[in-house]
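For reference, the structure is listed below as structure tokens.
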Amino acid sequence: MGFYSSEFDAKAQESYLANYGEMPFGDITKESTKKYIPKEFDILCAGFPCQAFSLAGRRLGFKDETRGTLFFEIEAILKRHQPKAFFLENVKGLAIHDKGRTLKTILEHLDGAGYAVVPPQILNAMDYGVPQHRERVYIIGFRKDLGVNIEEFRYPAPITIGDQRPKFRDVMEENEVSVKYYLSTAYLETLIRHKARHEAAGHGFGYKIIDLDGVANAIVVGGMGRECNLIIDKRLTNFTPITRIKGEVNREGIRKMTPREWARLQGFPDKFKIVVADASAYKQLGNSVAIPAIQATAERELQLLNLI
């Protein structure tokens, strides 16, 4: 048995190495990378690019030749190595893309690869201990010859509901953060105009300020992920900019969340090292899974395999 990880983004590799002591292999579509996959291993855990299926994207699905088809690389690994099980994760939009036909195609291919697939389910990270509204679809399967009764698999019940749910305040930075996270007056005015235009057109797009006693919106890659998760933090004492901005730092206390706050929203412990620049950190954390929801589900899978 062995462990293997694949990640082609150089900065993400850097973060993985710093935290786990292992340099991931590169582009999984290349045979030169695949040849290092252990011949035998128990579980394949994977996520395939969500842009092709996201509700926010053009939703091209398998017509997206560079991203949508990465699923078939996963299928090829399953066929070649026949691990005992797999655990796949993707955006909620996958479940309804092309009126359900895309997911149906995926499930048919997984069945053809020799796996009994548990009916996919959408889980929300905020039900499992983090203050983030993040819905993702989970797809779990077991190799057919193992005789696992997939009807015995139960997705984990929510462990935090209602008033039990953590609040953003619980993951907020304990101390005053750098002025660089505070919006300039010019940037804030741009966001206000942008939101007004969309509201006039009947759209719901635009910046959002999160209640500190509420939950964050899903953190995602790109400016939208940060602009939809602004907070008011009036602890700033030094309003002198340290980056080039237009206007001045706003006096209302409106700021972006920090990378550490994003890490906590995904369930990463504070010992997790953020060793890359903010732009890369936001990208990696926005692309990450919500650990508590994944862990709770994975434990159910391991139990059925008698691995724990």
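Letters A, B, ... go to the chains of the structure tokens in the order shown; residues in each chain start at 1; ligands are counted from 1 in the same order.
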
*Please identify all polymer residues within 8 Å of segment 177-186 of chain A, counting only C-alpha atoms, omitting same-chain residues fewer than 3 positions from it, and present them as a PyMOL selection string.*
chain A and resi 173+189-190+236+238-243+245-250+253-258

*Can you list, as a list in words, all residues belonging to segment 102-209 of chain A that DSSP tags as strand (DSSP E)?*
Tyr115, Ala116, Val117, Gln121, Ile122, Leu123, Asn124, Glu135, Arg136, Val137, Tyr138, Ile139, Ile140, Gly141, Phe142 and Arg143 of chain A

For the residues in the current selection, export all heavy atoms as a compact mmCIF listing (two decimals), in the first residue's frame.
```txt
# COMPACT_ATOMS: atom_id res chain seq x y z
N TYR A 115 -18.05 -0.44 -9.80
CA TYR A 115 -18.36 0.06 -8.46
C TYR A 115 -19.86 0.19 -8.23
O TYR A 115 -20.61 0.62 -9.12
CB TYR A 115 -17.69 1.42 -8.24
CG TYR A 115 -16.19 1.27 -8.12
CD1 TYR A 115 -15.38 1.21 -9.26
CD2 TYR A 115 -15.58 1.11 -6.88
CE1 TYR A 115 -14.01 1.02 -9.16
CE2 TYR A 115 -14.22 0.93 -6.76
CZ TYR A 115 -13.44 0.89 -7.90
OH TYR A 115 -12.09 0.68 -7.79
N ALA A 116 -20.27 -0.19 -7.02
CA ALA A 116 -21.64 0.06 -6.57
C ALA A 116 -21.63 1.44 -5.93
O ALA A 116 -20.84 1.71 -5.02
CB ALA A 116 -22.06 -0.99 -5.55
N VAL A 117 -22.48 2.31 -6.44
CA VAL A 117 -22.43 3.71 -6.04
C VAL A 117 -23.60 4.05 -5.10
O VAL A 117 -24.76 3.76 -5.41
CB VAL A 117 -22.47 4.64 -7.26
CG1 VAL A 117 -22.30 6.09 -6.84
CG2 VAL A 117 -21.37 4.26 -8.26
N GLN A 121 -25.47 12.61 -2.44
CA GLN A 121 -26.22 13.48 -1.55
C GLN A 121 -25.52 14.82 -1.42
O GLN A 121 -24.29 14.90 -1.47
CB GLN A 121 -26.36 12.83 -0.17
CG GLN A 121 -27.28 13.60 0.77
CD GLN A 121 -27.82 12.73 1.89
OE1 GLN A 121 -28.14 11.57 1.68
NE2 GLN A 121 -27.92 13.28 3.08
N ILE A 122 -26.30 15.87 -1.24
CA ILE A 122 -25.75 17.21 -1.03
C ILE A 122 -25.69 17.47 0.47
O ILE A 122 -26.71 17.38 1.18
CB ILE A 122 -26.62 18.28 -1.72
CG1 ILE A 122 -26.57 18.08 -3.25
CG2 ILE A 122 -26.15 19.68 -1.35
CD1 ILE A 122 -27.57 18.93 -4.01
N LEU A 123 -24.50 17.78 0.96
CA LEU A 123 -24.31 18.12 2.36
C LEU A 123 -23.87 19.57 2.46
O LEU A 123 -23.20 20.09 1.56
CB LEU A 123 -23.26 17.22 3.01
CG LEU A 123 -23.76 15.91 3.65
CD1 LEU A 123 -24.39 15.00 2.61
CD2 LEU A 123 -22.63 15.18 4.35
N ASN A 124 -24.25 20.21 3.57
CA ASN A 124 -23.91 21.60 3.79
C ASN A 124 -22.90 21.69 4.93
O ASN A 124 -23.15 21.18 6.03
CB ASN A 124 -25.16 22.40 4.14
CG ASN A 124 -24.94 23.90 4.04
OD1 ASN A 124 -23.85 24.41 4.29
ND2 ASN A 124 -25.99 24.62 3.67
N GLU A 135 -22.74 24.16 0.18
CA GLU A 135 -23.38 22.92 -0.25
C GLU A 135 -22.54 22.24 -1.33
O GLU A 135 -22.20 22.86 -2.34
CB GLU A 135 -24.78 23.21 -0.77
CG GLU A 135 -25.74 23.72 0.29
CD GLU A 135 -27.11 24.03 -0.28
OE1 GLU A 135 -27.20 24.93 -1.14
OE2 GLU A 135 -28.09 23.39 0.14
N ARG A 136 -22.26 20.98 -1.12
CA ARG A 136 -21.48 20.21 -2.08
C ARG A 136 -22.09 18.82 -2.22
O ARG A 136 -22.65 18.27 -1.27
CB ARG A 136 -20.02 20.08 -1.64
CG ARG A 136 -19.24 21.41 -1.67
CD ARG A 136 -19.09 21.93 -3.08
NE ARG A 136 -18.29 23.14 -3.19
CZ ARG A 136 -18.77 24.38 -3.14
NH1 ARG A 136 -20.07 24.58 -2.95
NH2 ARG A 136 -17.98 25.42 -3.29
N VAL A 137 -21.98 18.25 -3.41
CA VAL A 137 -22.50 16.91 -3.65
C VAL A 137 -21.37 15.89 -3.45
O VAL A 137 -20.24 16.09 -3.91
CB VAL A 137 -23.12 16.78 -5.06
CG1 VAL A 137 -22.11 17.02 -6.17
CG2 VAL A 137 -23.77 15.42 -5.24
N TYR A 138 -21.67 14.84 -2.72
CA TYR A 138 -20.71 13.77 -2.44
C TYR A 138 -21.14 12.51 -3.20
O TYR A 138 -22.32 12.15 -3.22
CB TYR A 138 -20.66 13.46 -0.95
CG TYR A 138 -20.07 14.56 -0.09
CD1 TYR A 138 -20.11 14.46 1.30
CD2 TYR A 138 -19.48 15.71 -0.64
CE1 TYR A 138 -19.57 15.45 2.10
CE2 TYR A 138 -18.94 16.69 0.16
CZ TYR A 138 -18.99 16.57 1.53
OH TYR A 138 -18.46 17.56 2.32
N ILE A 139 -20.15 11.87 -3.80
CA ILE A 139 -20.40 10.63 -4.54
C ILE A 139 -19.46 9.56 -3.98
O ILE A 139 -18.24 9.72 -4.04
CB ILE A 139 -20.15 10.81 -6.05
CG1 ILE A 139 -20.93 12.01 -6.58
CG2 ILE A 139 -20.54 9.54 -6.81
CD1 ILE A 139 -20.62 12.35 -8.04
N ILE A 140 -20.04 8.50 -3.46
CA ILE A 140 -19.27 7.44 -2.80
C ILE A 140 -19.59 6.10 -3.43
O ILE A 140 -20.75 5.82 -3.75
CB ILE A 140 -19.59 7.43 -1.29
CG1 ILE A 140 -18.96 8.64 -0.62
CG2 ILE A 140 -19.14 6.14 -0.62
CD1 ILE A 140 -19.39 8.86 0.80
N GLY A 141 -18.56 5.28 -3.62
CA GLY A 141 -18.79 3.97 -4.21
C GLY A 141 -17.83 2.92 -3.67
O GLY A 141 -16.74 3.24 -3.19
N PHE A 142 -18.25 1.66 -3.77
CA PHE A 142 -17.47 0.53 -3.29
C PHE A 142 -17.31 -0.50 -4.42
O PHE A 142 -18.26 -0.72 -5.19
CB PHE A 142 -18.15 -0.15 -2.11
CG PHE A 142 -18.38 0.78 -0.93
CD1 PHE A 142 -19.54 1.55 -0.85
CD2 PHE A 142 -17.45 0.88 0.08
CE1 PHE A 142 -19.76 2.39 0.23
CE2 PHE A 142 -17.65 1.73 1.16
CZ PHE A 142 -18.81 2.48 1.23
N ARG A 143 -16.13 -1.10 -4.51
CA ARG A 143 -15.90 -2.10 -5.54
C ARG A 143 -16.90 -3.24 -5.38
O ARG A 143 -17.09 -3.77 -4.28
CB ARG A 143 -14.45 -2.62 -5.45
CG ARG A 143 -13.92 -3.16 -6.78
CD ARG A 143 -12.45 -3.50 -6.68
NE ARG A 143 -12.27 -4.63 -5.77
CZ ARG A 143 -11.23 -4.79 -4.93
NH1 ARG A 143 -10.31 -3.84 -4.87
NH2 ARG A 143 -11.14 -5.84 -4.15
```

Would you give me, as CSV, each residue of segment 173-242 of chain A having an atom within 10 Å of an atom of segment 266-282 of chain A, along with its shortest atom pair and that distance in Å to one decimal, using only C-alpha atoms and sorting by chain and residue number?
```
residue,atom,partner,partner_atom,distance
A:Ala218,CA,A:Gln266,CA,9.7
A:Ile219,CA,A:Tyr282,CA,8.6
A:Val220,CA,A:Tyr282,CA,8.1
A:Val221,CA,A:Tyr282,CA,6.7
A:Gly222,CA,A:Tyr282,CA,8.1
A:Gly223,CA,A:Tyr282,CA,9.5
A:Gly225,CA,A:Tyr282,CA,8.8
A:Arg226,CA,A:Tyr282,CA,8.5
```

*For Glu7 of chain A, which of A:Pro292, A:Pro49, A:Pro259, A:Pro158 is the closest residue, counting only C-alpha atoms?*
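Looking only at the distances to Glu7 of chain A, the closest residue turns out to be A:Pro49.
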
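Taking atom CA of Gly93 of chain A and atom CA of Ile106 of chain A as endpoints, the distance between them is 13.8 Å.
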
_When you look at Pro24 of chain A with a cut-off of 7 Å (counting only C-alpha atoms), what residues show up, excluding the ones that are within fewer than 4 positions of it in the same chain? I need them as JSON, numbers by chain._
{"A": [5, 6, 7, 13]}

*What's the 9 Å shell around Ile159 of chain A, counting only C-alpha atoms, without same-chain residues fewer than 5 positions away, as a list in words?*
Asp127, Tyr128, Gly129, Gln164 and Arg165 of chain A

*Which of these residues is nearest to Thr29 of chain A, using only C-alpha atoms: A:Asp42, A:Glu151, A:Glu14, A:Glu73?*
A:Glu73

*For atom CA of Gly214 of chain A and atom CA of Lys167 of chain A, quote the distance in Å rounded to one decimal.*
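Interatomic distance, atom CA of Gly214 of chain A to atom CA of Lys167 of chain A: 5.1 Å.
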
*Which polymer residues have any atom within 7 Å of an atom of segment 169-171 of chain A, counting only C-alpha atoms, with same-chain residues fewer than 5 positions away left out, as JSON, numbers by chain?*
{"A": [212, 213, 261, 264, 265]}

Please produce an output containing N, CA, C and O atoms for each residue in the selection, written as a PDB file, in the first residue's frame.
```pdb
ATOM      1  N   LEU A 212     -21.763  39.100  11.959  1.00  0.00           N
ATOM      2  CA  LEU A 212     -20.756  38.374  12.738  1.00  0.00           C
ATOM      3  C   LEU A 212     -21.369  37.241  13.542  1.00  0.00           C
ATOM      4  O   LEU A 212     -20.674  36.281  13.904  1.00  0.00           O
ATOM      5  N   ASP A 213     -22.657  37.333  13.816  1.00  0.00           N
ATOM      6  CA  ASP A 213     -23.328  36.272  14.555  1.00  0.00           C
ATOM      7  C   ASP A 213     -24.093  35.338  13.618  1.00  0.00           C
ATOM      8  O   ASP A 213     -24.946  34.552  14.062  1.00  0.00           O
ATOM      9  N   GLU A 261      -9.016  33.365   8.449  1.00  0.00           N
ATOM     10  CA  GLU A 261     -10.458  33.204   8.682  1.00  0.00           C
ATOM     11  C   GLU A 261     -11.058  32.249   7.662  1.00  0.00           C
ATOM     12  O   GLU A 261     -11.917  31.423   8.002  1.00  0.00           O
ATOM     13  N   ARG A 264     -10.199  28.730   8.713  1.00  0.00           N
ATOM     14  CA  ARG A 264     -11.068  28.277   9.801  1.00  0.00           C
ATOM     15  C   ARG A 264     -12.465  27.960   9.281  1.00  0.00           C
ATOM     16  O   ARG A 264     -13.115  27.018   9.767  1.00  0.00           O
ATOM     17  N   LEU A 265     -12.954  28.728   8.300  1.00  0.00           N
ATOM     18  CA  LEU A 265     -14.264  28.445   7.714  1.00  0.00           C
ATOM     19  C   LEU A 265     -14.299  27.085   7.032  1.00  0.00           C
ATOM     20  O   LEU A 265     -15.360  26.466   6.905  1.00  0.00           O
TER      21      LEU A 265
END
```

*Mind checking DSSP for segment 71-265 of chain A and telling me the helix (DSSP H, G or I) residues as a PyMOL selection string?*
chain A and resi 71-81+92-95+97-112+125-128+144-146+150-152+162-164+168-171+179-181+185-200+223-227+259-265

*Skip Lys39 of chain A itself and residues of its chain fewer than 6 positions away, then list as a list in words all residues within 12 Å of it, counting only C-alpha atoms.*
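Using only C-alpha atoms, the neighbours found are Met1, Gly2, Phe3, Tyr4, Ile77, Leu78, Lys79, Arg80, His81, Gln82 and Pro83 of chain A.
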
Selected residues, C-alpha atoms, written as a compact mmCIF listing (two decimals), in the first residue's frame, please.
```
# COMPACT_ATOMS: atom_id res chain seq x y z
CA MET A 1 0.00 0.00 0.00
CA GLY A 2 1.08 3.57 -0.47
CA PHE A 3 -0.01 7.19 -0.45
CA TYR A 4 -0.18 9.38 -3.51
CA ILE A 77 -7.55 5.30 -12.49
CA LEU A 78 -10.44 3.34 -10.97
CA LYS A 79 -10.43 0.89 -13.85
CA ARG A 80 -6.66 0.46 -13.80
CA HIS A 81 -6.06 0.19 -10.05
CA GLN A 82 -9.42 -1.00 -8.72
CA PRO A 83 -9.20 0.49 -5.21
```

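With atom CA of Lys92 of chain A on one side and atom CA of Lys208 of chain A on the other, the separation reads 21.0 Å.
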